[in-house]
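Asks: To start, I am sharing the structure in question, which I have written as structure tokens.
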Amino acid sequence: MSLKMISLSELERSYGIGNNRAKRLIDAGKLTLIKEGGMGVPTYVSRESVNCFLEEQEQFLKNHIYYRDFFDNFPVIANYKIIKYINDYDKLNKDFNLEPDFMKVIELPVNYYGIATQIYYFKKKDVEKLQNDYINLIEAKEISGIAQSSNFTKWLNRRPNIQVFRFGFGRHQKFIRKDQLRYAINYFEQKKLETQSKNKKYENINKSEAMNLLSLSRTYFDEVVNSGLLSPSFESENNENNTICLFKKKDVFALIDLQKKEYSKLSNLYYSKADIEEKYPDLSIDSVKKAKKIKKIPLPPYLTPFFRKGTGKWDFTGKWLYLKTDVDKYHSDTQIRNSIFNEANYSIPFDEYKRRLSILRISFPVGAKTTEKLWLDYVDEILRNSDGNQHYTTSNYITILIRAAEGIVDNIEKEIFKYTSNQLNIKLLNNQNIPRSSREYIFSYLVFVDKVISLKQQTKSSARTKQKAFNIDRLINPRKLPRSSLETKTYSYNEYQLLFNYTIDIDLHKQKAINDALDFIQGKKKASSYKKYDSVWLYVLLHLNNAWRHSDCIQIPRISLTGTEIKDLNWLLYNDLNKDDVKKIIFRIKAADMSVSKTGESRNFFCSKEVEQAMATAIAICELRTRAINDLSDTIIYKINNQGTLAQGPKKSFFKNFDKKNFDFQNRAMNRTLLSLMAYIQSVSGNGHDSEYIKILRSHVDFETTNIYINIPQERLDQIALQLFDRDMFGHIPDVLAELIFGKQTEEEKQTENIKIIKQKFGDIYKIEETANFLNEIHSIKAQASHAFLTNHKEYKDIIESIIRDMSPEEVNSLYKRIITGQLPSKQKHYQCIVSETNCKFPGRNCVECPLSIPHFHALSSLIERIFKKATIIYKELEEELPEAELTRLANWIALDLDLLKDAQRKYGKQEIAMFATGINQKLKLINPVRPYQTIGRNLIER
């Protein structure tokens with residue numbers, strides 16, 4: 001279809017403009033109809049008219065606000081009274097002429113933007129002015145210090161210069177300008193005090209008069225009194241039990257002199273919040289508060305009126321003063337940092353490195369030109385060999401190398417090879433002001449310099465080549481320096497259990513997450529007030545079963561919700577996910593392509609059954625929100641990162657109702673806790689070494705947990721084992737064990753429930769004294785466990801059942817527990833083996849082809865890949881005429897894999913496997929001729 005046209009269905013998908021709204025816009029002349037549809041034929045409109053309409057609407061909404069949105073946040077009148085306000089506007093404000101047409105309603109024609117109800121708007125500049133420069137009469141009375149409303153009304157009527165703007169006749173509906181109010185208070189009260197001071201009998205003034213003279217609010221005035229800067233000269237209670245406070249005038253005037261003196265001194269050195277907002281509007285005051293490099297001091301309460309810049313505004317001034325030189329440098333650094341990262345281009349890493357050098361104005365000394373050339377050659381080589389596919393990694397490399405360059409430039413004045421080994425050690429390699437990672441690259445660079453100079457010395461006469469003063473063998477290698485002890489914070493078992501129960505509580509979190517997202521999507525919340533509740537919920541859920549770095553936790557890919565009952569966020573608000581939809585979402589996120597940001601290796605996602613419902617719900621909310629606000633995004637977690645950690649605002653909002661006070665959720669502490677709990681579970685059950693499961697988790701982080709001990713109550717071991725471990729396995733062995741323990745089961749939910757009652761049926765496995773190691777018994781089985789028998793037997797499943805059925809109930813129970821906690825070893829990743837703890841029965845065979853192995857979900861991709869390869873080989877073999885024995889070999893060769901795939905289909909669903917293994921059915925149809933020759937059990941994949 002022509003690029004000049006767009007169908008109504010595409011209009012809805014791309015811009016959220018539904019059919020009914022589109023038709024109203026066509027009728028209003030906003031959209032140009034190109035082709036009328038009907039009877040299955042789509043309707044098309046001009047794409048140019050769509051762009052014009054969107055641009056016009058965006059411009060209008062940029063300068064106007066819908067009246068309901070205004071009144072929802074500023075409830076001066078009820079929404080339904082808007083018509084009365086429009087009709088009464090001129091009468092209400094006939095005496096108000098400070099600003100023409102102030103807060104006058106803009107009335108649009110019906111369906112002007114395709115929505116019948118959206119007619120009335122206010123100008124945003126009027127709304128901002130109302131909120132910033134005006135105050136209602138209720139608040140004005142409190143500031144004036146006049147107790148009785150009637151007295152305040154009389155006071156106001158005697159001051160005709162103060163004009164009142166009205167939404168109605170209630171005191172909360174009447175507004176006056178803050179600067180006019182303050183001027184009136186200061187002027188008249190000052191005159192009053194001057195008159196009183198002439199009469200000696202007026203030595204004292206009341207609290208209200210003192211507040212006005214000092215220009216302090218009631219809160220700040222009380223703080224001044226409590227601090228001892230100003231003390232009452234007289235206190236008494238009247239008949240109404242109200243305290244009457246009087247202050248000596250000389251004390252008040254002395255404090256005024258102190259105000260002026262201290263303000264003069266501090267204002268030269270420090271910025272207030274208002275100063276920063278005025279001078280650097282592009283700088284976030286929150287980031288200034290948190291910046292460790294900015295010195296700040298508490299703002300003395302008695303100076304608050306002076307740091308309002310004399311604008312007459314009664315706005316909040318903040319609690320701190322910030323050192324000017326630090327703020328100026330921070331702003332400059334922020335601009336440089338924004339310039340670096342906002343315009344970064346990693347396609348050619350070396351060009352990006354040189355761009356940053358230029359921005360940061362890093363230049364080598366005039367006498368070190370050879371050093372500079374060698375450094376750039378070295379950096380070019382390093383970056384060309386780095387993993388350019390990972391922007392995070394490339395950016396890290398560049399940052400480290402930039403800091404290395406800064407370290408060199410700041411500490412040398414001549415060619416680097418003219419310094420002795422001792423000088424280089426002191427200036428660079430052991431200089432604690434240079435980050436360790438950068439010093440490691442400086443050392444590598446010096447090795448590079450040594451080789452270059454040595455090579456030149458070999459090819460030219462020594463008299464003509466540069467001589468180096470340092471000896472490479474005497475240089476300090478920063479990699480070999482002792483490292484400072486790393487933080488080892490973990491959470492206790494009780495803290496973990498509280499966190500687990502809190503995080504999986506769908507009733508507590510789902511509604512908050514959805515409402516927060518809807519308010520943001522619908523424009524009811526600005527970006528600054530959006531709590532990002534859904535993103536934090538998903539972020540914390542990930543930590544319950546995965547030991548990921550923070551940078552990986554915020555990189556969760558988009559998933560398809562096709563084939564689920566989920567419609568939109570409003571539907572999800574009133575409906576819970578069914579079990580099938582939960583299974584589909586968890587399957588799809590596990591099947592997604594994820595990598596470790598630091599290494600580029602594959603990142604495995606784990607999720608225990610107890611977490612799945614909450615996890616799938618949070619993922620669905622984040623996916624739906626992403627579709628609504630940024631459908632081009634590749635990830636679903638939204639802006640909760642703050643300098644490599646979880647942002648404080650969203651975190652505080654999520655943990656607001658958490659039972660434990662002062663609990664601080666941290667990525668690294670949670671990862672240590674998770675790994676430590678898992679290691680403890682396995683050690684208690686007899687496994688003194690890391691299982692493959694824990695090795696996979698540990699590969700995602702940088703620290704060890706072998707010296708961290710978290711005690712778990714004996715009676716809670718079984719429960720926490722179920723919470724911690726992802727039991728997503730398929731194949732025959734788990735089914736045989738479950739059947740032996742519980743009887744025949746067919747439903748996965750029943751089997752999951754059965755795991756929880758193992759303890760009731762056999763007792764606590766952690767207290768059982770095993771008199772004979774069942775693994776040794778398996779090893780001693782003669783016919784059943786022999787290599788030849790297992791290889792040649794036609795029904796391999798019988799062998800497994802024979803091995804397991806010979807165990808005692810305690811041994812079966814112990815084996816099952818080891819399986820679900822991932823403790824049985826194997827020769828390959830994502831597999832466990834029921835006999836390999838003693839001796840592998842098939843030394844020459846891979847685990848993927850062994851009937852004694854138990855595959856985890858993450859082995860599914862290798863299974864699919866293997867079936868594709870085998871089918872391709874068999875198809876090529878069939879091009880020739882083969883003897884029956886060879887056809888039997890080929891049929892049996894792929895049979896075990898197909899039987900395993902059938903188990904996966906039964907567990908995850910045929911449609912999900914089909915999404916994961918596109919084209920597998922067509923591939924298998926090509927090898928149908930070998931099917932009749934199969935002699936191993938005929939339970940092949942159903943097609």
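Residues are referred to by chain and number: the chain letter is A, B, ... according to the order shown in the structure tokens, the number counts from 1 in that chain, and ligands are numbered separately from 1 in the order shown.
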Quick one: everything within 9 Å of region 578-580 of chain A, counting only C-alpha atoms, minus sequence neighbours fewer than 6 positions away in the same chain. Send it as a ChimeraX atom specification.

Replies: /A:564-565,613

Asks: Excluding Val930 (chain A) and any residue of its chain fewer than 4 positions from it, enumerate the residues within 10 Å of it, using only C-alpha atoms, and give them as a list in words.

Replies: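 Listing them by chain and then by number gives Ile874, Tyr875, Leu878, Glu884, Glu886, Leu887, Thr888, Arg889, Leu890, Ala891, Asn892, Leu926 and Gln934 of chain A.
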
Asks: Kindly export the residues of the current selection with all heavy atoms, as an mmCIF file, in the first residue's frame.

Replies:
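Saved as selection_15.cif:
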data_model
loop_
_atom_site.group_PDB
_atom_site.id
_atom_site.type_symbol
_atom_site.label_atom_id
_atom_site.label_comp_id
_atom_site.auth_asym_id
_atom_site.auth_seq_id
_atom_site.Cartn_x
_atom_site.Cartn_y
_atom_site.Cartn_z
ATOM 1 N N ILE A 874 20.331 -37.380 8.518
ATOM 2 C CA ILE A 874 19.527 -38.532 8.086
ATOM 3 C C ILE A 874 18.939 -38.292 6.704
ATOM 4 O O ILE A 874 18.934 -39.182 5.842
ATOM 5 C CB ILE A 874 18.407 -38.813 9.122
ATOM 6 C CG1 ILE A 874 19.015 -39.296 10.439
ATOM 7 C CG2 ILE A 874 17.409 -39.840 8.580
ATOM 8 C CD1 ILE A 874 18.015 -39.431 11.565
ATOM 9 N N TYR A 875 18.469 -37.058 6.469
ATOM 10 C CA TYR A 875 17.879 -36.735 5.157
ATOM 11 C C TYR A 875 18.907 -36.913 4.033
ATOM 12 O O TYR A 875 18.605 -37.440 2.962
ATOM 13 C CB TYR A 875 17.342 -35.309 5.172
ATOM 14 C CG TYR A 875 16.725 -34.877 3.861
ATOM 15 C CD1 TYR A 875 15.547 -35.465 3.403
ATOM 16 C CD2 TYR A 875 17.332 -33.906 3.083
ATOM 17 C CE1 TYR A 875 14.975 -35.071 2.202
ATOM 18 C CE2 TYR A 875 16.777 -33.500 1.875
ATOM 19 C CZ TYR A 875 15.595 -34.089 1.439
ATOM 20 O OH TYR A 875 15.036 -33.705 0.238
ATOM 21 N N LEU A 878 19.465 -40.590 3.330
ATOM 22 C CA LEU A 878 18.361 -41.236 2.619
ATOM 23 C C LEU A 878 18.437 -41.025 1.112
ATOM 24 O O LEU A 878 17.651 -41.625 0.359
ATOM 25 C CB LEU A 878 17.016 -40.716 3.151
ATOM 26 C CG LEU A 878 16.636 -41.151 4.572
ATOM 27 C CD1 LEU A 878 15.346 -40.484 5.009
ATOM 28 C CD2 LEU A 878 16.480 -42.674 4.644
ATOM 29 N N GLU A 884 18.760 -52.342 5.749
ATOM 30 C CA GLU A 884 17.803 -52.230 6.857
ATOM 31 C C GLU A 884 18.506 -51.942 8.179
ATOM 32 O O GLU A 884 18.017 -51.172 9.003
ATOM 33 C CB GLU A 884 16.989 -53.512 6.972
ATOM 34 C CG GLU A 884 15.929 -53.442 8.081
ATOM 35 C CD GLU A 884 15.042 -54.679 8.118
ATOM 36 O OE1 GLU A 884 14.932 -55.368 7.081
ATOM 37 O OE2 GLU A 884 14.474 -54.932 9.185
ATOM 38 N N GLU A 886 21.213 -50.212 8.701
ATOM 39 C CA GLU A 886 21.594 -48.802 8.782
ATOM 40 C C GLU A 886 20.370 -47.923 9.026
ATOM 41 O O GLU A 886 20.439 -46.942 9.773
ATOM 42 C CB GLU A 886 22.299 -48.381 7.490
ATOM 43 C CG GLU A 886 22.741 -46.922 7.457
ATOM 44 C CD GLU A 886 23.750 -46.556 8.529
ATOM 45 O OE1 GLU A 886 24.330 -47.487 9.160
ATOM 46 O OE2 GLU A 886 23.957 -45.346 8.752
ATOM 47 N N LEU A 887 19.234 -48.269 8.402
ATOM 48 C CA LEU A 887 17.999 -47.508 8.634
ATOM 49 C C LEU A 887 17.570 -47.626 10.097
ATOM 50 O O LEU A 887 17.096 -46.664 10.700
ATOM 51 C CB LEU A 887 16.895 -48.017 7.712
ATOM 52 C CG LEU A 887 17.081 -47.721 6.216
ATOM 53 C CD1 LEU A 887 16.018 -48.466 5.394
ATOM 54 C CD2 LEU A 887 16.991 -46.222 5.946
ATOM 55 N N THR A 888 17.732 -48.810 10.683
ATOM 56 C CA THR A 888 17.402 -49.008 12.103
ATOM 57 C C THR A 888 18.306 -48.154 12.984
ATOM 58 O O THR A 888 17.861 -47.523 13.949
ATOM 59 C CB THR A 888 17.542 -50.495 12.485
ATOM 60 O OG1 THR A 888 16.636 -51.259 11.698
ATOM 61 C CG2 THR A 888 17.240 -50.710 13.968
ATOM 62 N N ARG A 889 19.598 -48.132 12.633
ATOM 63 C CA ARG A 889 20.532 -47.318 13.426
ATOM 64 C C ARG A 889 20.152 -45.848 13.399
ATOM 65 O O ARG A 889 20.148 -45.167 14.430
ATOM 66 C CB ARG A 889 21.958 -47.506 12.881
ATOM 67 C CG ARG A 889 23.011 -46.781 13.724
ATOM 68 C CD ARG A 889 24.360 -46.779 13.049
ATOM 69 N NE ARG A 889 24.387 -45.887 11.899
ATOM 70 C CZ ARG A 889 24.530 -44.566 11.997
ATOM 71 N NH1 ARG A 889 24.642 -43.968 13.168
ATOM 72 N NH2 ARG A 889 24.568 -43.817 10.904
ATOM 73 N N LEU A 890 19.806 -45.340 12.208
ATOM 74 C CA LEU A 890 19.435 -43.936 12.081
ATOM 75 C C LEU A 890 18.149 -43.632 12.841
ATOM 76 O O LEU A 890 18.029 -42.585 13.493
ATOM 77 C CB LEU A 890 19.284 -43.566 10.603
ATOM 78 C CG LEU A 890 20.562 -43.569 9.760
ATOM 79 C CD1 LEU A 890 20.232 -43.338 8.286
ATOM 80 C CD2 LEU A 890 21.538 -42.503 10.256
ATOM 81 N N ALA A 891 17.163 -44.547 12.747
ATOM 82 C CA ALA A 891 15.886 -44.331 13.432
ATOM 83 C C ALA A 891 16.075 -44.292 14.939
ATOM 84 O O ALA A 891 15.529 -43.441 15.641
ATOM 85 C CB ALA A 891 14.890 -45.425 13.047
ATOM 86 N N ASN A 892 16.869 -45.227 15.468
ATOM 87 C CA ASN A 892 17.110 -45.263 16.905
ATOM 88 C C ASN A 892 17.984 -44.107 17.373
ATOM 89 O O ASN A 892 17.899 -43.642 18.507
ATOM 90 C CB ASN A 892 17.785 -46.589 17.288
ATOM 91 C CG ASN A 892 16.825 -47.768 17.166
ATOM 92 O OD1 ASN A 892 15.608 -47.576 17.148
ATOM 93 N ND2 ASN A 892 17.355 -48.975 17.075
ATOM 94 N N LEU A 926 10.589 -34.884 6.522
ATOM 95 C CA LEU A 926 11.533 -35.314 5.490
ATOM 96 C C LEU A 926 12.188 -36.647 5.824
ATOM 97 O O LEU A 926 12.713 -37.327 4.936
ATOM 98 C CB LEU A 926 12.618 -34.246 5.297
ATOM 99 C CG LEU A 926 12.141 -32.860 4.827
ATOM 100 C CD1 LEU A 926 13.322 -31.890 4.780
ATOM 101 C CD2 LEU A 926 11.483 -32.955 3.448
ATOM 102 N N GLN A 934 12.437 -48.136 13.446
ATOM 103 C CA GLN A 934 12.803 -47.858 14.840
ATOM 104 C C GLN A 934 12.530 -49.073 15.709
ATOM 105 O O GLN A 934 11.461 -49.688 15.634
ATOM 106 C CB GLN A 934 12.014 -46.655 15.340
ATOM 107 C CG GLN A 934 12.244 -46.329 16.803
ATOM 108 C CD GLN A 934 11.292 -45.246 17.276
ATOM 109 O OE1 GLN A 934 10.865 -44.426 16.470
ATOM 110 N NE2 GLN A 934 10.947 -45.277 18.544
#

Asks: Could you check which of A:Ile65, A:Leu269, A:Val452, A:Ala22 is closest to Val45 (chain A), using only C-alpha atoms?

Replies: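 Counting only C-alpha atoms, the residue closest to Val45 (chain A) is A:Ala22.
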
Asks: Between CA of Tyr302 (chain A) and CA of Leu246 (chain A), what is the distance in Å, rounded to a tenth?

Replies: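 Going from CA of Tyr302 (chain A) over to CA of Leu246 (chain A) covers 18.1 Å.
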
Asks: Tell me, in Å to one decimal, how far CA of Thr635 (chain A) is from CA of Ala527 (chain A).

Replies: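 Going from CA of Thr635 (chain A) over to CA of Ala527 (chain A), I get 18.2 Å.
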
Asks: Using only C-alpha atoms, determine which residues lie at most 12 Å from Leu374 (chain A), disregarding the query and same-chain residues fewer than 6 positions distant; provide the list as a list in words.

Replies: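 Answer for this query is Phe364, Ala368, Asp380, Glu381, Ala405, Glu415, Ile416, Phe417, Ile442, Tyr445, Leu446, Val447, Phe448, Val449, Asp450, Lys451, Val452 and Ile453 of chain A.
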
Asks: Take the residues that were just selected and, keeping N, CA and C atoms, output them as a short mmCIF file (atom, residue, chain, number, x, y, z; two decimals), in the first residue's frame.

Replies:
data_model
loop_
_atom_site.label_atom_id
_atom_site.label_comp_id
_atom_site.auth_asym_id
_atom_site.auth_seq_id
_atom_site.Cartn_x
_atom_site.Cartn_y
_atom_site.Cartn_z
N PHE A 364 48.32 15.45 25.80
CA PHE A 364 49.62 15.07 26.35
C PHE A 364 50.55 16.28 26.34
N ALA A 368 55.95 15.06 25.10
CA ALA A 368 55.62 13.62 25.16
C ALA A 368 54.84 13.19 23.92
N ASP A 380 43.89 1.94 20.23
CA ASP A 380 43.26 1.46 19.01
C ASP A 380 43.27 -0.07 18.95
N GLU A 381 44.39 -0.67 19.32
CA GLU A 381 44.51 -2.13 19.32
C GLU A 381 43.57 -2.75 20.36
N ALA A 405 44.35 7.60 30.55
CA ALA A 405 44.98 8.72 29.86
C ALA A 405 45.10 9.94 30.78
N GLU A 415 58.65 12.30 27.87
CA GLU A 415 58.31 10.98 27.32
C GLU A 415 58.29 9.94 28.43
N ILE A 416 57.31 9.06 28.39
CA ILE A 416 57.10 8.11 29.50
C ILE A 416 58.26 7.15 29.64
N PHE A 417 58.97 6.85 28.52
CA PHE A 417 60.07 5.88 28.58
C PHE A 417 61.35 6.50 29.15
N ILE A 442 47.51 0.88 32.18
CA ILE A 442 48.77 1.63 32.06
C ILE A 442 49.95 0.67 32.09
N TYR A 445 50.15 -0.99 28.86
CA TYR A 445 50.69 -0.04 27.88
C TYR A 445 52.21 0.04 27.98
N LEU A 446 52.75 0.06 29.19
CA LEU A 446 54.19 0.12 29.38
C LEU A 446 54.88 -1.14 28.83
N VAL A 447 54.21 -2.28 28.96
CA VAL A 447 54.73 -3.51 28.34
C VAL A 447 54.77 -3.34 26.82
N PHE A 448 53.70 -2.72 26.28
CA PHE A 448 53.63 -2.45 24.84
C PHE A 448 54.77 -1.51 24.42
N VAL A 449 55.01 -0.44 25.19
CA VAL A 449 56.09 0.51 24.90
C VAL A 449 57.44 -0.20 24.93
N ASP A 450 57.63 -1.06 25.93
CA ASP A 450 58.89 -1.80 26.06
C ASP A 450 59.15 -2.66 24.83
N LYS A 451 58.09 -3.34 24.34
CA LYS A 451 58.26 -4.20 23.16
C LYS A 451 58.56 -3.39 21.91
N VAL A 452 57.85 -2.24 21.75
CA VAL A 452 58.08 -1.40 20.57
C VAL A 452 59.51 -0.89 20.54
N ILE A 453 60.00 -0.37 21.66
CA ILE A 453 61.36 0.17 21.71
C ILE A 453 62.39 -0.94 21.53
#

Asks: As a ChimeraX atom specification, please: the residues near Arg361 (chain A) (cut-off 12 Å, only C-alpha atoms, same-chain neighbours under 6 positions excluded).

Replies: /A:336,354-355,402,405-406,409

Asks: Write to file, as a PDB file, in the first residue's frame, the residues of the selection just made, with all heavy atoms.

Replies:
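And here is the file that came out, part-v7.pdb:
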ATOM      1  N   ILE A 336      29.364  17.994  30.409  1.00  0.00           N
ATOM      2  CA  ILE A 336      30.347  17.189  29.672  1.00  0.00           C
ATOM      3  C   ILE A 336      29.893  15.740  29.593  1.00  0.00           C
ATOM      4  O   ILE A 336      29.946  15.108  28.531  1.00  0.00           O
ATOM      5  CB  ILE A 336      31.729  17.290  30.350  1.00  0.00           C
ATOM      6  CG1 ILE A 336      32.291  18.709  30.201  1.00  0.00           C
ATOM      7  CG2 ILE A 336      32.699  16.270  29.754  1.00  0.00           C
ATOM      8  CD1 ILE A 336      33.565  18.942  30.974  1.00  0.00           C
ATOM      9  N   LYS A 354      38.466   8.977  20.841  1.00  0.00           N
ATOM     10  CA  LYS A 354      39.098  10.256  20.506  1.00  0.00           C
ATOM     11  C   LYS A 354      38.121  11.415  20.691  1.00  0.00           C
ATOM     12  O   LYS A 354      38.518  12.519  21.101  1.00  0.00           O
ATOM     13  CB  LYS A 354      39.625  10.212  19.064  1.00  0.00           C
ATOM     14  CG  LYS A 354      40.830   9.290  18.885  1.00  0.00           C
ATOM     15  CD  LYS A 354      41.470   9.436  17.512  1.00  0.00           C
ATOM     16  CE  LYS A 354      40.545   8.938  16.419  1.00  0.00           C
ATOM     17  NZ  LYS A 354      41.207   8.994  15.089  1.00  0.00           N
ATOM     18  N   ARG A 355      36.818  11.172  20.423  1.00  0.00           N
ATOM     19  CA  ARG A 355      35.806  12.213  20.626  1.00  0.00           C
ATOM     20  C   ARG A 355      35.738  12.599  22.104  1.00  0.00           C
ATOM     21  O   ARG A 355      35.666  13.780  22.464  1.00  0.00           O
ATOM     22  CB  ARG A 355      34.446  11.720  20.144  1.00  0.00           C
ATOM     23  CG  ARG A 355      33.344  12.782  20.161  1.00  0.00           C
ATOM     24  CD  ARG A 355      32.006  12.187  19.752  1.00  0.00           C
ATOM     25  NE  ARG A 355      31.456  11.356  20.815  1.00  0.00           N
ATOM     26  CZ  ARG A 355      30.698  11.811  21.804  1.00  0.00           C
ATOM     27  NH1 ARG A 355      30.408  13.096  21.879  1.00  0.00           N
ATOM     28  NH2 ARG A 355      30.230  10.995  22.726  1.00  0.00           N
ATOM     29  N   ILE A 402      40.044   6.224  29.209  1.00  0.00           N
ATOM     30  CA  ILE A 402      40.051   7.677  29.387  1.00  0.00           C
ATOM     31  C   ILE A 402      40.691   8.036  30.725  1.00  0.00           C
ATOM     32  O   ILE A 402      41.544   8.937  30.817  1.00  0.00           O
ATOM     33  CB  ILE A 402      38.617   8.248  29.311  1.00  0.00           C
ATOM     34  CG1 ILE A 402      38.101   8.238  27.865  1.00  0.00           C
ATOM     35  CG2 ILE A 402      38.552   9.655  29.885  1.00  0.00           C
ATOM     36  CD1 ILE A 402      38.751   9.248  26.954  1.00  0.00           C
ATOM     37  N   ALA A 405      44.345   7.597  30.547  1.00  0.00           N
ATOM     38  CA  ALA A 405      44.982   8.723  29.858  1.00  0.00           C
ATOM     39  C   ALA A 405      45.098   9.937  30.782  1.00  0.00           C
ATOM     40  O   ALA A 405      46.125  10.626  30.811  1.00  0.00           O
ATOM     41  CB  ALA A 405      44.188   9.077  28.605  1.00  0.00           C
ATOM     42  N   GLU A 406      44.043  10.207  31.552  1.00  0.00           N
ATOM     43  CA  GLU A 406      44.084  11.320  32.511  1.00  0.00           C
ATOM     44  C   GLU A 406      45.207  11.115  33.524  1.00  0.00           C
ATOM     45  O   GLU A 406      45.929  12.057  33.869  1.00  0.00           O
ATOM     46  CB  GLU A 406      42.745  11.429  33.238  1.00  0.00           C
ATOM     47  CG  GLU A 406      41.617  11.988  32.398  1.00  0.00           C
ATOM     48  CD  GLU A 406      40.293  12.013  33.138  1.00  0.00           C
ATOM     49  OE1 GLU A 406      40.044  11.107  33.959  1.00  0.00           O
ATOM     50  OE2 GLU A 406      39.500  12.934  32.895  1.00  0.00           O
ATOM     51  N   VAL A 409      48.589  11.801  31.713  1.00  0.00           N
ATOM     52  CA  VAL A 409      48.767  13.223  31.398  1.00  0.00           C
ATOM     53  C   VAL A 409      49.024  14.050  32.655  1.00  0.00           C
ATOM     54  O   VAL A 409      49.851  14.976  32.646  1.00  0.00           O
ATOM     55  CB  VAL A 409      47.514  13.744  30.649  1.00  0.00           C
ATOM     56  CG1 VAL A 409      47.523  15.262  30.583  1.00  0.00           C
ATOM     57  CG2 VAL A 409      47.445  13.141  29.261  1.00  0.00           C
TER      58      VAL A 409
END

Asks: Tell me, in Å to one decimal, how far CA of Leu11 (chain A) is from CA of Tyr530 (chain A).

Replies: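 Value for the CA of Leu11 (chain A)-CA of Tyr530 (chain A) distance: 27.4 Å.
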